[in-house]
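The structure appears below as structure tokens.
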Amino acid sequence: MLSLALKSARMASTGSRALIRPFAARSLATEATISHMPEEMDAPFTVTLPSELFEAYELDFPSYELTTSKAELMQIYKDMVSIRRMETAADALYKAKKIRGFCHLSIGEEAIAVGIEHAITKDDQVITAYRCHGFAYMRGASVKKILAELMGRREGVSFGKGGSMHIFAPNFFGGNGIVGAQVPVGAGLAFAKHYLGLPHTTFALYGDGAANQGQVFEAYNMAKLWKLPCVFACENNKYGMGTSAARSSALTEYHKRGQYIPGLKVDGMDVLACKLASQFAREFTTTGNGPLVMEYSTYRYGGHSMSDPGTTYRTREEIQRMRSTHDPVTGLRDRLVNWGVVSENELKTIDKEIRAYVEQEVAEAEASLPPEASPDILFEDVYIKGTEIPVLRGRITDENYSFQK
């Protein structure tokens, strides 16, 4: 597992910085066996994943076997490549000064959003922090609408008013800018499902940097008391902004942070492991067992945000080693070829098609217009239509806005 490589790393002091090196290498396509390979694209078969990709706390993880199909594996691959292309496009647009403000990319972490989405239903709920573009895409937002939102355009998924950190889609509740604040909101979403007696779960995601927030532990407590169907999922990419997890957290095994809540850790660079663990989490939390704390052990290739070069607190060699030994896209690609699901040439064709699709979406997003600078546009989404109060009070009387037109 990625975390084992990190645990074995040596720390070298350089001034006030601590550089982690080296990482233990592993094969990109971690050892996994298949029962058989059917001819039909939709025919199911079983993949047995290595047990070292998982670590349970106060929990019996029932099986390392994942049922899938050629068609699903191909879709998983396409989803990960699409997210990476979209995030790469966002990187270029930001550097061209077409995206302003905050922008946090998930290049390297694609397996988590894709693995979760392929494990849950459309009625389940997801809420996360500001590294949210991949989740929004998997929940149904188009590349065009996501990138248009990043550029502040009217056709954006939040009509150009939210930007990178406030992106929404059906049963995807953001994209939240306040560190850790989405976790108690996620507990509230789970409470609503529990109160209504609906068989759905909520994935409330947060980073290792947010894991020390007091509100996270308050949410744990309430969720356990009320046996809420909530998966508290920590995306541990090893660095909260520019601070390594070991320097900020007394306990870096984040899946054990729930104490009285069972936990499960999974290699977040392996999309099939993410899917299997997320399937288990959904089943566990929707069958009366209460909440679960998960840890997806992952790694971001870029900085914390676009303003962070990402190389002042870690070496370029560390980043390159992670790309060459743990990349989630390449790892799945190797499996697909080795298992005979698809050929290298077919994958190249798929890659080209996705690249062309994303480029077209980028062009259409760039061509869309910004919101009109008028009070009607500014206040149109404060209330659900039909529930508005007569007058929305501004800072001064001249800024009051009347909904009664």
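Naming works like this for the structure tokens: A, B, ... for the chains as they're shown, residue 1 at the start of each chain, ligands 1 onward in shown order.
Within stretch 187-326 of chain A, residues classed as strand (DSSP E or B) by DSSP on backbone coordinates are Thr202, Phe203, Ala204, Leu205, Tyr206, Gly207, Cys230, Val231, Phe232, Ala233, Cys234, Glu235, Asn236, Tyr239, Gly240, Thr243, Ser244, Gly263, Leu264, Lys265, Val266, Asp267, Leu292, Val293, Met294, Glu295, Tyr296 and Ser297 of chain A.
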Every residue of stretch 60-108 of chain A that DSSP places in alpha helix (DSSP H), as a tab-separated table (two decimals) with C-alpha atoms, in the first residue's frame:
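Heads up, here's the output in result18.tsv:
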chain	number	residue	atom	x	y	z
A	70	LYS	CA	-15.18	-5.61	-19.34
A	71	ALA	CA	-17.69	-2.85	-20.03
A	72	GLU	CA	-17.43	-1.46	-16.51
A	73	LEU	CA	-13.63	-1.58	-16.53
A	74	MET	CA	-13.58	0.32	-19.81
A	75	GLN	CA	-15.95	2.95	-18.42
A	76	ILE	CA	-13.84	3.31	-15.29
A	77	TYR	CA	-10.79	3.90	-17.45
A	78	LYS	CA	-12.61	6.48	-19.58
A	79	ASP	CA	-13.85	8.28	-16.47
A	80	MET	CA	-10.36	8.58	-14.98
A	81	VAL	CA	-8.82	9.76	-18.23
A	82	SER	CA	-11.62	12.31	-18.69
A	83	ILE	CA	-11.07	13.75	-15.22
A	84	ARG	CA	-7.32	13.97	-15.76
A	85	ARG	CA	-7.81	15.70	-19.13
A	86	MET	CA	-10.30	18.11	-17.58
A	87	GLU	CA	-7.97	18.95	-14.69
A	88	THR	CA	-5.05	19.37	-17.09
A	89	ALA	CA	-7.19	21.78	-19.11
A	90	ALA	CA	-8.05	23.70	-15.94
A	91	ASP	CA	-4.33	23.95	-15.17
A	92	ALA	CA	-3.67	25.49	-18.60
A	93	LEU	CA	-6.65	27.87	-18.34
A	94	TYR	CA	-5.47	29.07	-14.93
A	95	LYS	CA	-1.95	29.70	-16.20
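Take atom CA of A:Ser402 and atom CA of A:Ala169: the distance between them is 28.7 Å.
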**Study point:** Neighbour list for stretch 129-131 of chain A as a ChimeraX atom specification, cut-off 10 Å, only C-alpha atoms, skip fewer than 6 positions in-chain
**Key:** /A:102-107,109,164-167,173-183,204-207,210,304-305
With C-alpha atoms retained, export the selected residues as a PDB file, in the first residue's frame.
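So the final result, stored in again.pdb, reads:
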ATOM      1  CA  PHE A 102      -8.674  29.604  -5.940  1.00  0.00           C
ATOM      2  CA  CYS A 103      -8.255  26.426  -7.950  1.00  0.00           C
ATOM      3  CA  HIS A 104      -7.389  23.031  -6.453  1.00  0.00           C
ATOM      4  CA  LEU A 105      -6.702  20.182  -8.871  1.00  0.00           C
ATOM      5  CA  SER A 106      -6.946  16.440  -8.250  1.00  0.00           C
ATOM      6  CA  ILE A 107      -4.398  15.130 -10.758  1.00  0.00           C
ATOM      7  CA  GLU A 109      -6.308  11.368  -7.093  1.00  0.00           C
ATOM      8  CA  SER A 164     -13.798  26.278  -8.395  1.00  0.00           C
ATOM      9  CA  MET A 165     -14.793  25.686  -4.770  1.00  0.00           C
ATOM     10  CA  HIS A 166     -18.592  25.811  -5.134  1.00  0.00           C
ATOM     11  CA  ILE A 167     -19.626  23.283  -7.752  1.00  0.00           C
ATOM     12  CA  PHE A 173     -23.499  19.049  -2.394  1.00  0.00           C
ATOM     13  CA  GLY A 174     -20.175  20.676  -3.218  1.00  0.00           C
ATOM     14  CA  GLY A 175     -17.444  21.861  -3.320  1.00  0.00           C
ATOM     15  CA  ASN A 176     -17.099  23.733   0.029  1.00  0.00           C
ATOM     16  CA  GLY A 177     -14.529  26.401   0.770  1.00  0.00           C
ATOM     17  CA  ILE A 178     -14.296  26.265   4.574  1.00  0.00           C
ATOM     18  CA  VAL A 179     -11.833  23.623   5.756  1.00  0.00           C
ATOM     19  CA  GLY A 180     -13.709  20.696   7.300  1.00  0.00           C
ATOM     20  CA  ALA A 181     -17.092  22.452   7.343  1.00  0.00           C
ATOM     21  CA  GLN A 182     -18.580  20.003   4.853  1.00  0.00           C
ATOM     22  CA  VAL A 183     -18.221  17.103   7.304  1.00  0.00           C
ATOM     23  CA  ALA A 204     -18.603  13.089   3.507  1.00  0.00           C
ATOM     24  CA  LEU A 205     -15.067  13.586   2.212  1.00  0.00           C
ATOM     25  CA  TYR A 206     -12.286  15.713   3.672  1.00  0.00           C
ATOM     26  CA  GLY A 207      -8.510  15.892   3.510  1.00  0.00           C
ATOM     27  CA  ALA A 210      -8.965  19.010   7.728  1.00  0.00           C
ATOM     28  CA  HIS A 304      -2.163  22.226  -2.826  1.00  0.00           C
ATOM     29  CA  SER A 305      -3.609  24.887  -5.116  1.00  0.00           C
TER      30      SER A 305
END
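With distances restricted to only C-alpha atoms, A:His118 is the closest residue to A:Ser278 from A:Lys98, A:Lys385, A:His118, A:Lys145.
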Point to revise | All residues 8 Å or closer to stretch 366-380 of chain A, only C-alpha atoms, same chain fewer than 3 positions away omitted, as a PyMOL selection string | key: chain A and resi 148+151-155+159-160+362-363+383+401
Can you write out the residues you just picked, keeping all heavy atoms, as a compact mmCIF listing (two decimals), in the first residue's frame?
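Full text of part18.txt as output:
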# COMPACT_ATOMS: atom_id res chain seq x y z
N ALA A 148 -16.63 26.08 -17.40
CA ALA A 148 -17.29 27.38 -17.52
C ALA A 148 -17.46 28.01 -16.13
O ALA A 148 -17.30 29.22 -15.96
CB ALA A 148 -18.65 27.23 -18.20
N MET A 151 -14.30 29.52 -14.93
CA MET A 151 -14.01 30.78 -15.62
C MET A 151 -15.06 31.85 -15.33
O MET A 151 -15.00 32.95 -15.89
CB MET A 151 -13.90 30.54 -17.12
CG MET A 151 -12.66 29.76 -17.52
SD MET A 151 -12.43 29.63 -19.31
CE MET A 151 -13.61 28.33 -19.71
N GLY A 152 -16.03 31.55 -14.46
CA GLY A 152 -17.03 32.53 -14.09
C GLY A 152 -18.03 32.83 -15.19
O GLY A 152 -18.49 33.97 -15.32
N ARG A 153 -18.42 31.82 -15.95
CA ARG A 153 -19.33 32.02 -17.08
C ARG A 153 -20.76 31.62 -16.70
O ARG A 153 -20.98 30.74 -15.88
CB ARG A 153 -18.86 31.23 -18.29
CG ARG A 153 -17.42 31.52 -18.70
CD ARG A 153 -17.20 32.99 -19.04
NE ARG A 153 -15.81 33.33 -19.19
CZ ARG A 153 -15.11 33.18 -20.32
NH1 ARG A 153 -15.70 32.67 -21.39
NH2 ARG A 153 -13.84 33.54 -20.36
N ARG A 154 -21.72 32.24 -17.37
CA ARG A 154 -23.13 32.03 -17.09
C ARG A 154 -23.54 30.57 -17.29
O ARG A 154 -24.43 30.06 -16.60
CB ARG A 154 -23.98 32.95 -18.00
CG ARG A 154 -25.48 32.82 -17.79
CD ARG A 154 -25.90 33.31 -16.43
NE ARG A 154 -27.35 33.41 -16.32
CZ ARG A 154 -28.00 33.50 -15.18
NH1 ARG A 154 -27.33 33.48 -14.04
NH2 ARG A 154 -29.31 33.61 -15.16
N GLU A 155 -22.90 29.86 -18.20
CA GLU A 155 -23.24 28.47 -18.47
C GLU A 155 -22.58 27.50 -17.49
O GLU A 155 -22.72 26.29 -17.61
CB GLU A 155 -22.86 28.10 -19.90
CG GLU A 155 -23.74 28.74 -20.95
CD GLU A 155 -23.54 28.14 -22.33
OE1 GLU A 155 -23.36 26.91 -22.44
OE2 GLU A 155 -23.54 28.92 -23.30
N PHE A 159 -23.78 28.73 -12.45
CA PHE A 159 -24.12 29.95 -13.19
C PHE A 159 -23.03 31.02 -13.12
O PHE A 159 -23.30 32.22 -13.22
CB PHE A 159 -25.46 30.52 -12.72
CG PHE A 159 -26.55 29.50 -12.67
CD1 PHE A 159 -27.12 29.11 -11.46
CD2 PHE A 159 -26.98 28.88 -13.82
CE1 PHE A 159 -28.10 28.15 -11.42
CE2 PHE A 159 -27.98 27.92 -13.79
CZ PHE A 159 -28.55 27.54 -12.58
N GLY A 160 -21.79 30.57 -12.90
CA GLY A 160 -20.67 31.50 -12.88
C GLY A 160 -20.49 32.25 -11.58
O GLY A 160 -19.68 33.18 -11.50
N VAL A 362 -13.75 22.56 -23.69
CA VAL A 362 -12.99 23.75 -23.29
C VAL A 362 -13.33 24.92 -24.21
O VAL A 362 -13.59 26.04 -23.75
CB VAL A 362 -11.47 23.47 -23.34
CG1 VAL A 362 -10.68 24.78 -23.18
CG2 VAL A 362 -11.06 22.49 -22.25
N ALA A 363 -13.36 24.67 -25.51
CA ALA A 363 -13.67 25.73 -26.47
C ALA A 363 -15.06 26.30 -26.25
O ALA A 363 -15.26 27.53 -26.28
CB ALA A 363 -13.54 25.19 -27.90
N TYR A 383 -33.13 32.28 -2.90
CA TYR A 383 -34.26 31.47 -2.46
C TYR A 383 -34.74 30.57 -3.60
O TYR A 383 -34.57 30.91 -4.78
CB TYR A 383 -35.44 32.35 -2.02
CG TYR A 383 -35.18 33.13 -0.76
CD1 TYR A 383 -34.70 34.44 -0.81
CD2 TYR A 383 -35.44 32.57 0.49
CE1 TYR A 383 -34.45 35.15 0.35
CE2 TYR A 383 -35.20 33.28 1.66
CZ TYR A 383 -34.71 34.57 1.58
OH TYR A 383 -34.48 35.27 2.73
N TYR A 401 -33.14 44.66 -1.79
CA TYR A 401 -33.61 44.11 -3.07
C TYR A 401 -35.00 43.53 -2.89
O TYR A 401 -35.24 42.71 -2.00
CB TYR A 401 -32.68 43.01 -3.58
CG TYR A 401 -33.11 42.41 -4.89
CD1 TYR A 401 -32.90 43.10 -6.08
CD2 TYR A 401 -33.76 41.18 -4.93
CE1 TYR A 401 -33.32 42.56 -7.29
CE2 TYR A 401 -34.17 40.63 -6.15
CZ TYR A 401 -33.95 41.33 -7.32
OH TYR A 401 -34.37 40.81 -8.52
Practice item. Find the residues near stretch 29-46 of chain A: any atom within 12 Å, counting only C-alpha atoms, skip ones fewer than 5 places away on the same chain, and give them as an MDAnalysis selection string. Key: chainID A and resid 1:2 51:53 63:75 267 269:273 276 324:342
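Proximity to A:Gln360 at 10 Å, evaluated using only C-alpha atoms and with sequence-adjacent residues fewer than 6 positions away removed, yields Val143, Lys144, Ile354 and Glu366 of chain A.
Here atom CA of A:Gln215 and atom CA of A:Cys132 stand 20.2 Å from one another.
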Practice item. Quote the spacing between atom CA of A:Tyr57 and atom CA of A:Gly263 in Å to one decimal place. Key: 4.7 Å
Check your understanding: Which of these residues is nearest to A:Gly310, using only C-alpha atoms: A:Met241, A:Val391, A:Ala119, A:Cys274?
Key ->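 Among the listed residues, the smallest separation from A:Gly310 belongs to A:Met241.
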Exercise for review: Determine the nearest neighbour of A:Leu49 from the options A:Phe135, A:Val266, A:Gly240, A:Phe232, counting only C-alpha atoms.
Suggested key: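 Checking each of A:Phe135, A:Val266, A:Gly240, A:Phe232 against A:Leu49, counting only C-alpha atoms, the winner is A:Val266.
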Point to revise | Minimum-distance residue to A:Lys122, chosen among A:Tyr301, A:Tyr137, A:Phe172, A:Tyr260 (using only C-alpha atoms) | key: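 Of A:Tyr301, A:Tyr137, A:Phe172, A:Tyr260, the one nearest A:Lys122, counting only C-alpha atoms, is A:Phe172.
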